[in-house]
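Trainee: Starting off with a structure, shown below.
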Amino acid sequence: MRIQIITAGTTGSVAPYTGLGHRLVAEGHDVEIATHPKFAPMVTCCGRLRMRPLEADPFEELMGAHSRFRGAQRSPGAVLRLARATERAALALVDGILAAANPKADVFLLSTLAAPIGRVVAQYHSVPSMGVFLQPDVPTSAFPPCTAAWRPPGYGNRLRGRAANALLDALYSAAHRNLHARLGLAHRSGHRLRQERERGRWPIWHGYSPSVVPRPADWRPGLKVAGYWWPHECPGWEPPQQVADFLAAGPPPVFIGFGSMMPGDPRRLGAIASGALRKAGLRGIVQSGWAGLSVQGDDVLTVGALPHGWLMPRTAAVVHHAGAGTTAAGLRAGVPAVPVPVFTDQPWWAARLTRLGVSPGALPYEQLTAGRLAEALRRVTSEPRFARRAVELAGRLGREDGAGAVARAVAETAR
């Protein structure tokens, strides 16, 4: 089958689909990933996956808008600027997906951000499609929407989920008008498209473990929790010698990284990281990421992009922004975590880490200090219960085959 995976966003929104794509190739399919050009090295590294560029890449602007939103104390003007940046991102996705979608594909696999537009394009081309989401987006009483604070089960969570979806649909409204006009279709609002999706039981596979977020009992048929699909790692990859030497020179370090986040002044964040490691008496590997962190010292090494699947199992604990992909990598590595959520779904995943028992609790970025981070690091590295729970959970994840579940579902569409 000719399969096109369409995904947009940051590194964490792309990397898991490389593993899914390689599994589908291993099953005999012809697989292409449509995503932003800057991710071409990640997608095409081993020559087995093809890539089609999703030229519009508004997400660095959107990350900057989120940073300014926080810095402006969520004033009405900041809210308006963030909403407009989100609308521009959705409009840019219309351009990108219309240009990248292959009408000769046998099936489209659509990420969370690509789905509102990609599903309409798939219907227009009469190509079957499925959702492959990294976060849940269907309302349930079991938990709140992933853009809200974690709350215990209750009907109020369903209401919060509907409100979150209504807001997202409103932010996509200009994009939907533009999309339908360009395809010559009668306009359908985001709310109506979502209703059609749910009534038609559009299949959605969720790329996280049921041991991390169990499938809600009140979800409709067609909503599946597959298990994680892990980012592809090139078999011939070797770590930089400097990194290998640092790891060999002492006890396992703490990993500190914020991925694609730009949470503020990198000098301030670097000073917090180095101060916390020094106070806690720990070694550290700091990943520069989009924030541009740089920390110097005898017991600290600053690195660029390294495969989390290789690095994290060699650490004593991980400090990260609690994005879906980085959260998954830490759980897979079997090491405890100190989540420092910044925005969107990150507080939600951070709360999951705490409830799962692999973390002593989240440190929201706005409250981050060297002293608080040092205390959290002392707890997470000295209290054995966090490491024991992390190892136990990693064992469960290792027995799952999330990519295989999606591969079997894709094969069913050809029957």
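By convention here, the chains of the structure tokens are called A, B, ... in the order presented, each chain's residues are numbered starting at 1, and ligands are numbered starting at 1 in the order presented.
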Report the residues of stretch 84-189 of chain A whose backbone DSSP state falls under alpha helix (DSSP H), written as a ChimeraX atom specification.
Mentor: /A:84-100,115-124,155-171,173-183
Trainee: Fewer than 4 positions away in the same chain doesn't count, so skip those; otherwise give me all residues within 12 Å of stretch 385-388 of chain A, counting only C-alpha atoms, as an MDAnalysis selection string.
Mentor: chainID A and resid 313 315:318 330:331 333:338 353:361 376:381 392:395
Trainee: Can you pull out every residue within 6 Å of stretch 299-307 of chain A, counting only C-alpha atoms, but drop anything in the same chain fewer than 5 positions away, and send it as a list in words?
Mentor: Arg283, Gly284, Ile285, Val286, Gln287, Ser288 and Ser294 of chain A
Trainee: Could you dump the residues just selected with N, CA and C atoms as a PDB file, in the first residue's frame?
Mentor:
ATOM      1  N   ARG A 283      26.081  15.300  38.574  1.00  0.00           N
ATOM      2  CA  ARG A 283      26.570  15.603  37.242  1.00  0.00           C
ATOM      3  C   ARG A 283      25.370  15.809  36.316  1.00  0.00           C
ATOM      4  N   GLY A 284      25.612  16.511  35.188  1.00  0.00           N
ATOM      5  CA  GLY A 284      24.488  16.773  34.294  1.00  0.00           C
ATOM      6  C   GLY A 284      24.884  16.824  32.832  1.00  0.00           C
ATOM      7  N   ILE A 285      23.948  16.379  31.994  1.00  0.00           N
ATOM      8  CA  ILE A 285      24.037  16.595  30.551  1.00  0.00           C
ATOM      9  C   ILE A 285      22.881  17.502  30.181  1.00  0.00           C
ATOM     10  N   VAL A 286      23.187  18.678  29.641  1.00  0.00           N
ATOM     11  CA  VAL A 286      22.188  19.690  29.296  1.00  0.00           C
ATOM     12  C   VAL A 286      22.069  19.738  27.778  1.00  0.00           C
ATOM     13  N   GLN A 287      20.845  19.572  27.280  1.00  0.00           N
ATOM     14  CA  GLN A 287      20.617  19.636  25.836  1.00  0.00           C
ATOM     15  C   GLN A 287      20.224  21.062  25.461  1.00  0.00           C
ATOM     16  N   SER A 288      20.924  21.631  24.487  1.00  0.00           N
ATOM     17  CA  SER A 288      20.718  23.043  24.161  1.00  0.00           C
ATOM     18  C   SER A 288      19.315  23.308  23.647  1.00  0.00           C
ATOM     19  N   SER A 294      23.209  26.729  27.308  1.00  0.00           N
ATOM     20  CA  SER A 294      24.646  26.451  27.326  1.00  0.00           C
ATOM     21  C   SER A 294      25.112  26.534  28.766  1.00  0.00           C
TER      22      SER A 294
END
Trainee: Run DSSP on the backbone of this structure and report the residues of stretch 139-361 of chain A it assigns to strand (DSSP E or B), as a PyMOL selection string.
Mentor: chain A and resi 204-206+223-225+254-257+284-287+300-303+317-320+337-339
Trainee: Write out the residues from the selection above, keeping C-alpha atoms, as a PDB file, in the first residue's frame.
Mentor:
ATOM      1  CA  ILE A 204      -8.137   7.077  15.715  1.00  0.00           C
ATOM      2  CA  TRP A 205      -5.113   5.270  17.073  1.00  0.00           C
ATOM      3  CA  HIS A 206      -3.394   6.888  20.035  1.00  0.00           C
ATOM      4  CA  LEU A 223     -10.921   4.993  19.430  1.00  0.00           C
ATOM      5  CA  LYS A 224      -7.919   2.795  20.231  1.00  0.00           C
ATOM      6  CA  VAL A 225      -4.901   3.118  22.510  1.00  0.00           C
ATOM      7  CA  VAL A 254      20.997  13.975  35.195  1.00  0.00           C
ATOM      8  CA  PHE A 255      19.569  14.885  31.786  1.00  0.00           C
ATOM      9  CA  ILE A 256      18.147  18.422  31.471  1.00  0.00           C
ATOM     10  CA  GLY A 257      16.428  19.482  28.253  1.00  0.00           C
ATOM     11  CA  GLY A 284      24.488  16.773  34.294  1.00  0.00           C
ATOM     12  CA  ILE A 285      24.037  16.595  30.551  1.00  0.00           C
ATOM     13  CA  VAL A 286      22.188  19.690  29.296  1.00  0.00           C
ATOM     14  CA  GLN A 287      20.617  19.636  25.836  1.00  0.00           C
ATOM     15  CA  VAL A 300      28.241  19.440  33.237  1.00  0.00           C
ATOM     16  CA  LEU A 301      28.242  18.846  29.495  1.00  0.00           C
ATOM     17  CA  THR A 302      26.119  20.792  27.005  1.00  0.00           C
ATOM     18  CA  VAL A 303      25.098  18.780  23.935  1.00  0.00           C
ATOM     19  CA  ALA A 317      16.982  11.111  36.181  1.00  0.00           C
ATOM     20  CA  VAL A 318      15.515  13.398  33.533  1.00  0.00           C
ATOM     21  CA  VAL A 319      14.389  17.022  33.798  1.00  0.00           C
ATOM     22  CA  HIS A 320      12.231  18.055  30.848  1.00  0.00           C
ATOM     23  CA  ALA A 337      11.546  12.447  36.143  1.00  0.00           C
ATOM     24  CA  VAL A 338      11.289  16.051  37.259  1.00  0.00           C
ATOM     25  CA  PRO A 339       8.833  17.629  34.795  1.00  0.00           C
TER      26      PRO A 339
END
Trainee: Counting only C-alpha atoms, which of A:Met1, A:Val410, A:Ile33, A:Val212 gets nearest to A:Met130?
Mentor: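 That would be A:Val410, the residue with the smallest distance to A:Met130.
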Trainee: Residues near A:Thr112, anyone? I mean within 10 Å using only C-alpha atoms, not counting same-chain ones fewer than 4 positions away, as a ChimeraX atom specification.
Mentor: /A:6-9,13,116,118,131-137,204,206
Trainee: Need the shell around A:Arg48: protein/DNA/RNA residues with any atom at most 10 Å away, counting only C-alpha atoms. Skip same-chain ones fewer than 2 positions apart. Format as a PyMOL selection string?
Mentor: chain A and resi 21-22+25-26+30-32+43-46+50-51
Trainee: Write out as a list in words each polymer residue whose atoms come within 10 Å of A:Ser126, counting only C-alpha atoms; drop sequence neighbours fewer than 3 positions from it.
Mentor: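 Listed by chain and then number, they are Pro103, Lys104, Ala105, Asp106, Val107, Val120, Val121, Ala122, Gln123 and Ser129 of chain A.
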Trainee: Fewer than 5 positions away in the same chain doesn't count, so skip those; otherwise give me all residues within 7 Å of A:Ser209, counting only C-alpha atoms, as a list in words.
Mentor: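 Selected residues are Val225, Ala226, Gly227, Tyr228 and Leu397 of chain A.
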Trainee: Let's have the selection written as an mmCIF file, in the first residue's frame, with C-alpha atoms.
Mentor:
data_model
loop_
_atom_site.group_PDB
_atom_site.id
_atom_site.type_symbol
_atom_site.label_atom_id
_atom_site.label_comp_id
_atom_site.auth_asym_id
_atom_site.auth_seq_id
_atom_site.Cartn_x
_atom_site.Cartn_y
_atom_site.Cartn_z
ATOM 1 C CA VAL A 225 -4.901 3.118 22.510
ATOM 2 C CA ALA A 226 -2.145 1.407 20.548
ATOM 3 C CA GLY A 227 0.924 1.832 22.728
ATOM 4 C CA TYR A 228 3.861 4.051 21.889
ATOM 5 C CA LEU A 397 6.163 -0.553 27.839
#
Trainee: To one decimal place, how far is atom CA of A:Arg197 from atom CA of A:Glu412 in Å?
Mentor: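 Taking atom CA of A:Arg197 and atom CA of A:Glu412, their separation equals 19.4 Å.
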Trainee: For A:Ala248, which of A:Asn165, A:Leu91, A:Lys38, A:Arg314 is the closest residue, counting only C-alpha atoms?
Mentor: A:Arg314
Trainee: Let me make sure I understand: among A:Ala164, A:Ala40, A:Ala390, A:His180, which one has the smallest atom-to-atom distance to A:Cys146 if we use only C-alpha atoms?
Mentor: A:Ala164
Trainee: Would you mind telling me which residue in A:Gly222, A:Gly325, A:Pro203, A:Gln195 lies nearest to A:Gly259 when using only C-alpha atoms?
Mentor: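 Nearest to A:Gly259: A:Gly325.
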Trainee: Between A:His308, A:His29, A:Arg177, A:Arg399, single out the one closest to A:Arg2, counting only C-alpha atoms.
Mentor: A:His29
Trainee: Using only C-alpha atoms, find the one residue out of A:Leu311, A:Ala175, A:Ala149, A:Ala115 that sits nearest to A:Pro341.
Mentor: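 With only C-alpha atoms as the atom set, the closest residue is A:Ala149.
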